[in-house]
$ cat model_29.pdb   # PDB, C-alpha atoms
MODEL        1
ATOM      1  CA  MET A   1     -10.194  15.908 -50.634  1.00  0.00           C
ATOM      2  CA  SER A   2     -12.521  14.395 -48.061  1.00  0.00           C
ATOM      3  CA  ASN A   3     -13.491  15.687 -44.657  1.00  0.00           C
ATOM      4  CA  ILE A   4     -11.937  14.170 -41.566  1.00  0.00           C
ATOM      5  CA  MET A   5     -14.387  12.412 -39.259  1.00  0.00           C
ATOM      6  CA  TRP A   6     -13.481  13.234 -35.645  1.00  0.00           C
ATOM      7  CA  PHE A   7     -14.539  11.154 -32.651  1.00  0.00           C
ATOM      8  CA  ARG A   8     -14.783  12.586 -29.141  1.00  0.00           C
ATOM      9  CA  ILE A   9     -12.651  10.412 -26.872  1.00  0.00           C
ATOM     10  CA  SER A  10     -15.143  10.647 -24.006  1.00  0.00           C
ATOM     11  CA  ASP A  11     -17.928   9.308 -26.268  1.00  0.00           C
ATOM     12  CA  GLU A  12     -16.127   6.786 -28.467  1.00  0.00           C
ATOM     13  CA  PRO A  13     -13.073   5.025 -26.965  1.00  0.00           C
ATOM     14  CA  PRO A  14     -10.175   4.890 -29.418  1.00  0.00           C
ATOM     15  CA  PRO A  15      -8.514   1.585 -30.283  1.00  0.00           C
ATOM     16  CA  THR A  16      -5.322   0.718 -28.429  1.00  0.00           C
ATOM     17  CA  ASP A  17      -1.971   0.309 -30.197  1.00  0.00           C
ATOM     18  CA  THR A  18      -3.213   2.160 -33.293  1.00  0.00           C
ATOM     19  CA  THR A  19      -1.627   5.314 -34.651  1.00  0.00           C
ATOM     20  CA  LEU A  20      -4.323   7.972 -34.700  1.00  0.00           C
ATOM     21  CA  LEU A  21      -4.593  11.623 -35.596  1.00  0.00           C
ATOM     22  CA  VAL A  22      -5.371  13.360 -32.295  1.00  0.00           C
ATOM     23  CA  LEU A  23      -6.218  16.919 -31.339  1.00  0.00           C
ATOM     24  CA  GLY A  24      -6.863  18.847 -28.173  1.00  0.00           C
ATOM     25  CA  LEU A  25      -5.995  22.013 -26.299  1.00  0.00           C
ATOM     26  CA  SER A  26      -2.315  22.904 -26.401  1.00  0.00           C
ATOM     27  CA  GLY A  27      -2.183  24.941 -23.218  1.00  0.00           C
ATOM     28  CA  TYR A  28      -0.935  27.991 -25.145  1.00  0.00           C
ATOM     29  CA  THR A  29      -2.876  31.119 -26.079  1.00  0.00           C
ATOM     30  CA  SER A  30      -1.019  31.819 -29.332  1.00  0.00           C
ATOM     31  CA  ILE A  31      -1.802  28.361 -30.765  1.00  0.00           C
ATOM     32  CA  PRO A  32      -4.705  27.046 -28.681  1.00  0.00           C
ATOM     33  CA  ARG A  33      -5.019  23.627 -30.328  1.00  0.00           C
ATOM     34  CA  PHE A  34      -2.571  20.897 -31.230  1.00  0.00           C
ATOM     35  CA  ILE A  35      -2.855  18.099 -33.756  1.00  0.00           C
ATOM     36  CA  CYS A  36      -0.448  15.183 -34.118  1.00  0.00           C
ATOM     37  CA  LEU A  37      -0.064  11.466 -34.686  1.00  0.00           C
ATOM     38  CA  ALA A  38      -0.168   9.466 -31.460  1.00  0.00           C
ATOM     39  CA  HIS A  39      -1.235   6.210 -29.838  1.00  0.00           C
ATOM     40  CA  TYR A  40      -1.826   4.785 -26.383  1.00  0.00           C
ATOM     41  CA  ARG A  41      -1.455   1.321 -24.915  1.00  0.00           C
ATOM     42  CA  SER A  42      -3.685   1.516 -21.847  1.00  0.00           C
ATOM     43  CA  PRO A  43      -6.942  -0.417 -22.227  1.00  0.00           C
ATOM     44  CA  ARG A  44      -8.393   1.681 -19.360  1.00  0.00           C
ATOM     45  CA  MET A  45      -9.632   4.405 -21.717  1.00  0.00           C
ATOM     46  CA  TRP A  46     -13.377   3.856 -21.620  1.00  0.00           C
ATOM     47  CA  LYS A  47     -16.473   6.003 -21.209  1.00  0.00           C
ATOM     48  CA  GLY A  48     -16.247   8.135 -18.100  1.00  0.00           C
ATOM     49  CA  GLN A  49     -12.465   7.697 -17.765  1.00  0.00           C
ATOM     50  CA  ASP A  50     -10.530  10.943 -17.431  1.00  0.00           C
ATOM     51  CA  PRO A  51      -8.498  11.302 -20.676  1.00  0.00           C
ATOM     52  CA  ARG A  52      -5.648  12.852 -18.680  1.00  0.00           C
ATOM     53  CA  THR A  53      -5.007   9.521 -16.955  1.00  0.00           C
ATOM     54  CA  VAL A  54      -4.053   7.839 -20.225  1.00  0.00           C
ATOM     55  CA  ARG A  55      -0.460   8.118 -21.474  1.00  0.00           C
ATOM     56  CA  TRP A  56      -0.636   9.089 -25.147  1.00  0.00           C
ATOM     57  CA  VAL A  57       2.702   8.952 -26.964  1.00  0.00           C
ATOM     58  CA  ASP A  58       3.714  10.507 -30.275  1.00  0.00           C
ATOM     59  CA  GLU A  59       5.798   9.056 -33.101  1.00  0.00           C
ATOM     60  CA  ALA A  60       9.003   9.870 -31.178  1.00  0.00           C
ATOM     61  CA  ASN A  61       7.664   7.901 -28.183  1.00  0.00           C
ATOM     62  CA  ASP A  62       7.355  11.107 -26.131  1.00  0.00           C
ATOM     63  CA  ALA A  63       4.367  11.447 -23.819  1.00  0.00           C
ATOM     64  CA  LEU A  64       1.998  14.196 -24.942  1.00  0.00           C
ATOM     65  CA  SER A  65       1.144  14.925 -21.293  1.00  0.00           C
ATOM     66  CA  ASP A  66       4.796  15.865 -20.651  1.00  0.00           C
ATOM     67  CA  ARG A  67       4.093  18.941 -22.797  1.00  0.00           C
ATOM     68  CA  GLY A  68       0.658  19.576 -21.283  1.00  0.00           C
ATOM     69  CA  ARG A  69      -1.192  18.093 -24.256  1.00  0.00           C
ATOM     70  CA  PHE A  70      -4.282  15.996 -23.601  1.00  0.00           C
ATOM     71  CA  PRO A  71      -6.184  14.760 -26.680  1.00  0.00           C
ATOM     72  CA  THR A  72      -9.936  15.296 -26.699  1.00  0.00           C
ATOM     73  CA  HIS A  73     -10.686  13.964 -30.203  1.00  0.00           C
ATOM     74  CA  TYR A  74      -9.222  11.410 -32.591  1.00  0.00           C
ATOM     75  CA  SER A  75      -9.508  10.342 -36.198  1.00  0.00           C
ATOM     76  CA  TYR A  76      -8.017   7.482 -38.119  1.00  0.00           C
ATOM     77  CA  ALA A  77      -4.754   8.585 -39.693  1.00  0.00           C
ATOM     78  CA  VAL A  78      -5.336   6.721 -42.953  1.00  0.00           C
ATOM     79  CA  ASN A  79      -8.664   6.613 -44.743  1.00  0.00           C
ATOM     80  CA  GLY A  80      -8.277   3.980 -47.408  1.00  0.00           C
ATOM     81  CA  VAL A  81      -5.448   1.919 -48.791  1.00  0.00           C
ATOM     82  CA  LEU A  82      -1.837   2.969 -48.378  1.00  0.00           C
ATOM     83  CA  PRO A  83       0.143   3.448 -51.599  1.00  0.00           C
ATOM     84  CA  THR A  84       2.516   0.643 -52.476  1.00  0.00           C
ATOM     85  CA  LEU A  85       6.273   1.088 -52.238  1.00  0.00           C
ATOM     86  CA  GLU A  86       6.428   1.250 -56.049  1.00  0.00           C
ATOM     87  CA  GLU A  87       3.848   4.058 -56.119  1.00  0.00           C
ATOM     88  CA  ILE A  88       5.812   6.006 -53.508  1.00  0.00           C
ATOM     89  CA  ARG A  89       9.040   5.590 -55.468  1.00  0.00           C
ATOM     90  CA  LYS A  90       7.352   6.655 -58.713  1.00  0.00           C
ATOM     91  CA  SER A  91       5.923   9.779 -57.028  1.00  0.00           C
ATOM     92  CA  HIS A  92       9.351  10.606 -55.693  1.00  0.00           C
ATOM     93  CA  GLU A  93      10.967  10.176 -59.120  1.00  0.00           C
ATOM     94  CA  ASP A  94       8.259  12.219 -60.861  1.00  0.00           C
ATOM     95  CA  GLY A  95       8.915  14.928 -58.238  1.00  0.00           C
TER
ENDMDL
END

$ encode --input "model_29.pdb" --output "structure tokens"
Amino acid sequence: MSNIMWFRISDEPPPTDTTLLVLGLSGYTSIPRFICLAHYRSPRMWKGQDPRTVRWVDEANDALSDRGRFPTHYSYAVNGVLPTLEEIRKSHEDG
């Protein structure tokens, strides 16, 4: 298993319209951080831009900010080549 390479959003702008693994503060004390798959469509996210002004959405198309979540870091969700449909089916059958 390889390590995940995280990028700080304020230092390295993430690509638009790309599903990314994001993390940040959750706003809760019991579970202080959140991590999820999300993307954004605003090209305004550049160095010096306040990350809270960008509308990140999750896989259900819900805004993360609606739940008080503001990503501070991102990583690419897939490192390498996705398995083919046949490989997925075989894994499922092998159970």

$ atom_distance --input "model_29.pdb" --atom1 "CA of Leu21 in chain A" --atom2 "CA of Ile35 in chain A"
7.0 Å

$ closest_residue --input "model_29.pdb" --among "A:Ser75, A:Gly68, A:Val22, A:Pro14" --to "Ala38 in chain A" --atoms "all atoms listed in the file"
A:Val22

$ closest_residue --input "model_29.pdb" --among "A:Leu85, A:Leu25, A:Ala60, A:Val54" --to "Pro13 in chain A" --atoms "only C-alpha atoms"
A:Val54

$ resolve_selection --input "model_29.pdb" --expression "the PyMOL selection byres ((chain A and resi 37) around 12)" --output "list in words"
Thr18, Thr19, Leu20, Leu21, Val22, Leu23, Gly24, Phe34, Ile35, Cys36, Ala38, His39, Tyr40, Trp56, Val57, Asp58, Glu59, Ala60, Asn61, Asp62, Ala63, Leu64, Pro71, His73, Tyr74, Ser75, Tyr76, Ala77 and Val78 of chain A

$ axis_aligned_box --input "model_29.pdb" --around "range 67-73 of chain A" --padding-each-side "6 Å" --output "AutoDock Vina command-line options"
--center_x -3.3 --center_y 16.8 --center_z -25.7 --size_x 26.8 --size_y 17.6 --size_z 20.9

$ atom_distance --input "model_29.pdb" --atom1 "CA of Gly27 in chain A" --atom2 "CA of Asp66 in chain A"
11.7 Å

$ resolve_selection --input "model_29.pdb" --expression "the PyMOL selection byres ((chain A and resi 8) around 8)" --output "list in words"
Trp6, Phe7, Ile9, Ser10, Asp11, Glu12, Thr72, His73 and Tyr74 of chain A

$ closest_residue --input "model_29.pdb" --among "A:Met5, A:Glu86, A:Arg33, A:Pro15" --to "Phe70 in chain A" --atoms "all atoms listed in the file"
A:Arg33

$ atom_distance --input "model_29.pdb" --atom1 "CA of Ser26 in chain A" --atom2 "CA of Ile4 in chain A"
20.0 Å

$ closest_residue --input "model_29.pdb" --among "A:Ser91, A:Arg67, A:Arg41, A:Thr29" --to "Arg55 in chain A" --atoms "only C-alpha atoms"
A:Arg41
